[in-house]
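The structure appears below as structure tokens.
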Amino acid sequence: MIDEFLTEARAYCKARNIKLATLGRYAVDDKELFPRLERGGQCYPRTMDRVRAYMAENPPAQTPEEATR
């Protein structure tokens with residue numbers, strides 16, 4: 001469950017060109033969330049839901065080429 005969440009977050013961060021810590025700060029005001037998870041930590045499902053909601057509400061910007069497809 002955490003591994004899948006980390007994979008989603010990494011892909012999102014790569015697409016947005018931001019760090020995982022930045023995503024944690026923006027989504028749940030916790031820049032240590034992802035570093036902690038990468039070290040084997042846990043988080044509540046509601047925290048994952050909040051991060052996923054943030055990612056859905058703030059999709060990576062489309063390039064002009066993607067917008068015309």
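Here, A, B, ... name the chains of the structure tokens in the order displayed, residue numbers run from 1 inside each chain, and ligands are numbered from 1 in the same displayed order.
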
- Taking the DSSP assignment computed from this structure's backbone, write out as a ChimeraX atom specification all residues of chain A that belong to helix (DSSP H, G or I). /A:2-16,20-28,33-38,45-57,64-67

Expressed in Å, the length from atom CA of Arg36 of chain A to atom CA of Lys14 of chain A is 18.9 Å

Using only C-alpha atoms, the shortest atom-to-atom distance to Tyr44 of chain A among A:Arg25, A:Ala56, A:Ile2, A:Ile18 belongs to A:Ile2

**Asked** With only C-alpha atoms as the atoms that count, which of A:Gly40, A:Asp3, A:Ala9, A:Asp49 lies nearest to Leu23 of chain A?
**Response**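 Of the candidates, the smallest distance to Leu23 of chain A is held by A:Ala9.
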
Worksheet item: Which neighbours of Val51 of chain A fall inside 9 Å, counting only C-alpha atoms, when residues of the same chain fewer than 4 positions from it are skipped, and could you give them as a PyMOL selection string?
Response: chain A and resi 9+23-24+26-28+46-47+55-56

Would you export the selected residues with all heavy atoms as a PDB file, in the first residue's frame, please?
```pdb
ATOM      1  N   ALA A   9       3.312   9.093  -6.038  1.00  0.00           N
ATOM      2  CA  ALA A   9       3.851  10.396  -5.651  1.00  0.00           C
ATOM      3  C   ALA A   9       5.112  10.720  -6.440  1.00  0.00           C
ATOM      4  O   ALA A   9       5.291  11.857  -6.892  1.00  0.00           O
ATOM      5  CB  ALA A   9       4.127  10.423  -4.151  1.00  0.00           C
ATOM      6  N   LEU A  23       5.933  18.160  -2.293  1.00  0.00           N
ATOM      7  CA  LEU A  23       4.571  17.623  -2.380  1.00  0.00           C
ATOM      8  C   LEU A  23       3.983  17.438  -0.992  1.00  0.00           C
ATOM      9  O   LEU A  23       2.839  17.815  -0.737  1.00  0.00           O
ATOM     10  CB  LEU A  23       4.557  16.288  -3.138  1.00  0.00           C
ATOM     11  CG  LEU A  23       3.224  15.548  -3.169  1.00  0.00           C
ATOM     12  CD1 LEU A  23       2.119  16.391  -3.797  1.00  0.00           C
ATOM     13  CD2 LEU A  23       3.376  14.216  -3.889  1.00  0.00           C
ATOM     14  N   GLY A  24       4.747  16.871  -0.085  1.00  0.00           N
ATOM     15  CA  GLY A  24       4.260  16.688   1.284  1.00  0.00           C
ATOM     16  C   GLY A  24       3.894  18.002   1.943  1.00  0.00           C
ATOM     17  O   GLY A  24       2.870  18.104   2.629  1.00  0.00           O
ATOM     18  N   TYR A  26       3.056  20.875   0.378  1.00  0.00           N
ATOM     19  CA  TYR A  26       1.880  21.452  -0.279  1.00  0.00           C
ATOM     20  C   TYR A  26       0.597  20.719   0.096  1.00  0.00           C
ATOM     21  O   TYR A  26      -0.426  21.334   0.337  1.00  0.00           O
ATOM     22  CB  TYR A  26       2.035  21.401  -1.799  1.00  0.00           C
ATOM     23  CG  TYR A  26       3.018  22.375  -2.401  1.00  0.00           C
ATOM     24  CD1 TYR A  26       3.352  22.272  -3.748  1.00  0.00           C
ATOM     25  CD2 TYR A  26       3.619  23.380  -1.669  1.00  0.00           C
ATOM     26  CE1 TYR A  26       4.251  23.150  -4.337  1.00  0.00           C
ATOM     27  CE2 TYR A  26       4.525  24.258  -2.245  1.00  0.00           C
ATOM     28  CZ  TYR A  26       4.834  24.136  -3.582  1.00  0.00           C
ATOM     29  OH  TYR A  26       5.717  25.005  -4.168  1.00  0.00           O
ATOM     30  N   ALA A  27       0.655  19.393   0.105  1.00  0.00           N
ATOM     31  CA  ALA A  27      -0.569  18.595   0.262  1.00  0.00           C
ATOM     32  C   ALA A  27      -1.036  18.495   1.710  1.00  0.00           C
ATOM     33  O   ALA A  27      -2.243  18.566   1.975  1.00  0.00           O
ATOM     34  CB  ALA A  27      -0.359  17.203  -0.309  1.00  0.00           C
ATOM     35  N   VAL A  28      -0.103  18.289   2.638  1.00  0.00           N
ATOM     36  CA  VAL A  28      -0.509  18.048   4.036  1.00  0.00           C
ATOM     37  C   VAL A  28       0.346  18.816   5.035  1.00  0.00           C
ATOM     38  O   VAL A  28       0.335  18.514   6.226  1.00  0.00           O
ATOM     39  CB  VAL A  28      -0.505  16.535   4.375  1.00  0.00           C
ATOM     40  CG1 VAL A  28      -1.597  15.804   3.633  1.00  0.00           C
ATOM     41  CG2 VAL A  28       0.851  15.906   4.113  1.00  0.00           C
ATOM     42  N   ARG A  46      -6.096   8.294   5.615  1.00  0.00           N
ATOM     43  CA  ARG A  46      -6.670   9.621   5.346  1.00  0.00           C
ATOM     44  C   ARG A  46      -5.593  10.595   4.859  1.00  0.00           C
ATOM     45  O   ARG A  46      -5.887  11.494   4.076  1.00  0.00           O
ATOM     46  CB  ARG A  46      -7.422  10.164   6.556  1.00  0.00           C
ATOM     47  CG  ARG A  46      -6.575  10.513   7.732  1.00  0.00           C
ATOM     48  CD  ARG A  46      -7.425  11.116   8.866  1.00  0.00           C
ATOM     49  NE  ARG A  46      -6.609  11.336  10.036  1.00  0.00           N
ATOM     50  CZ  ARG A  46      -6.645  10.598  11.136  1.00  0.00           C
ATOM     51  NH1 ARG A  46      -7.477   9.575  11.228  1.00  0.00           N
ATOM     52  NH2 ARG A  46      -5.870  10.880  12.160  1.00  0.00           N
ATOM     53  N   THR A  47      -4.343  10.408   5.309  1.00  0.00           N
ATOM     54  CA  THR A  47      -3.253  11.245   4.827  1.00  0.00           C
ATOM     55  C   THR A  47      -2.986  10.946   3.358  1.00  0.00           C
ATOM     56  O   THR A  47      -2.816  11.864   2.545  1.00  0.00           O
ATOM     57  CB  THR A  47      -1.977  11.025   5.658  1.00  0.00           C
ATOM     58  OG1 THR A  47      -2.269  11.318   7.032  1.00  0.00           O
ATOM     59  CG2 THR A  47      -0.830  11.895   5.174  1.00  0.00           C
ATOM     60  N   MET A  55      -3.095  15.912  -5.514  1.00  0.00           N
ATOM     61  CA  MET A  55      -2.535  15.609  -6.834  1.00  0.00           C
ATOM     62  C   MET A  55      -3.616  15.682  -7.910  1.00  0.00           C
ATOM     63  O   MET A  55      -3.360  16.183  -9.010  1.00  0.00           O
ATOM     64  CB  MET A  55      -1.851  14.237  -6.835  1.00  0.00           C
ATOM     65  CG  MET A  55      -0.598  14.194  -5.995  1.00  0.00           C
ATOM     66  SD  MET A  55       0.390  12.681  -6.130  1.00  0.00           S
ATOM     67  CE  MET A  55      -0.718  11.427  -5.521  1.00  0.00           C
ATOM     68  N   ALA A  56      -4.815  15.213  -7.605  1.00  0.00           N
ATOM     69  CA  ALA A  56      -5.907  15.255  -8.575  1.00  0.00           C
ATOM     70  C   ALA A  56      -6.362  16.683  -8.851  1.00  0.00           C
ATOM     71  O   ALA A  56      -6.703  17.029  -9.991  1.00  0.00           O
ATOM     72  CB  ALA A  56      -7.083  14.416  -8.070  1.00  0.00           C
TER      73      ALA A  56
END
```

**Atomic separation - atom CA of Arg10 of chain A relative to atom CA of Glu38 of chain A, Å** =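 Here the two named atoms are 11.0 Å from each other.
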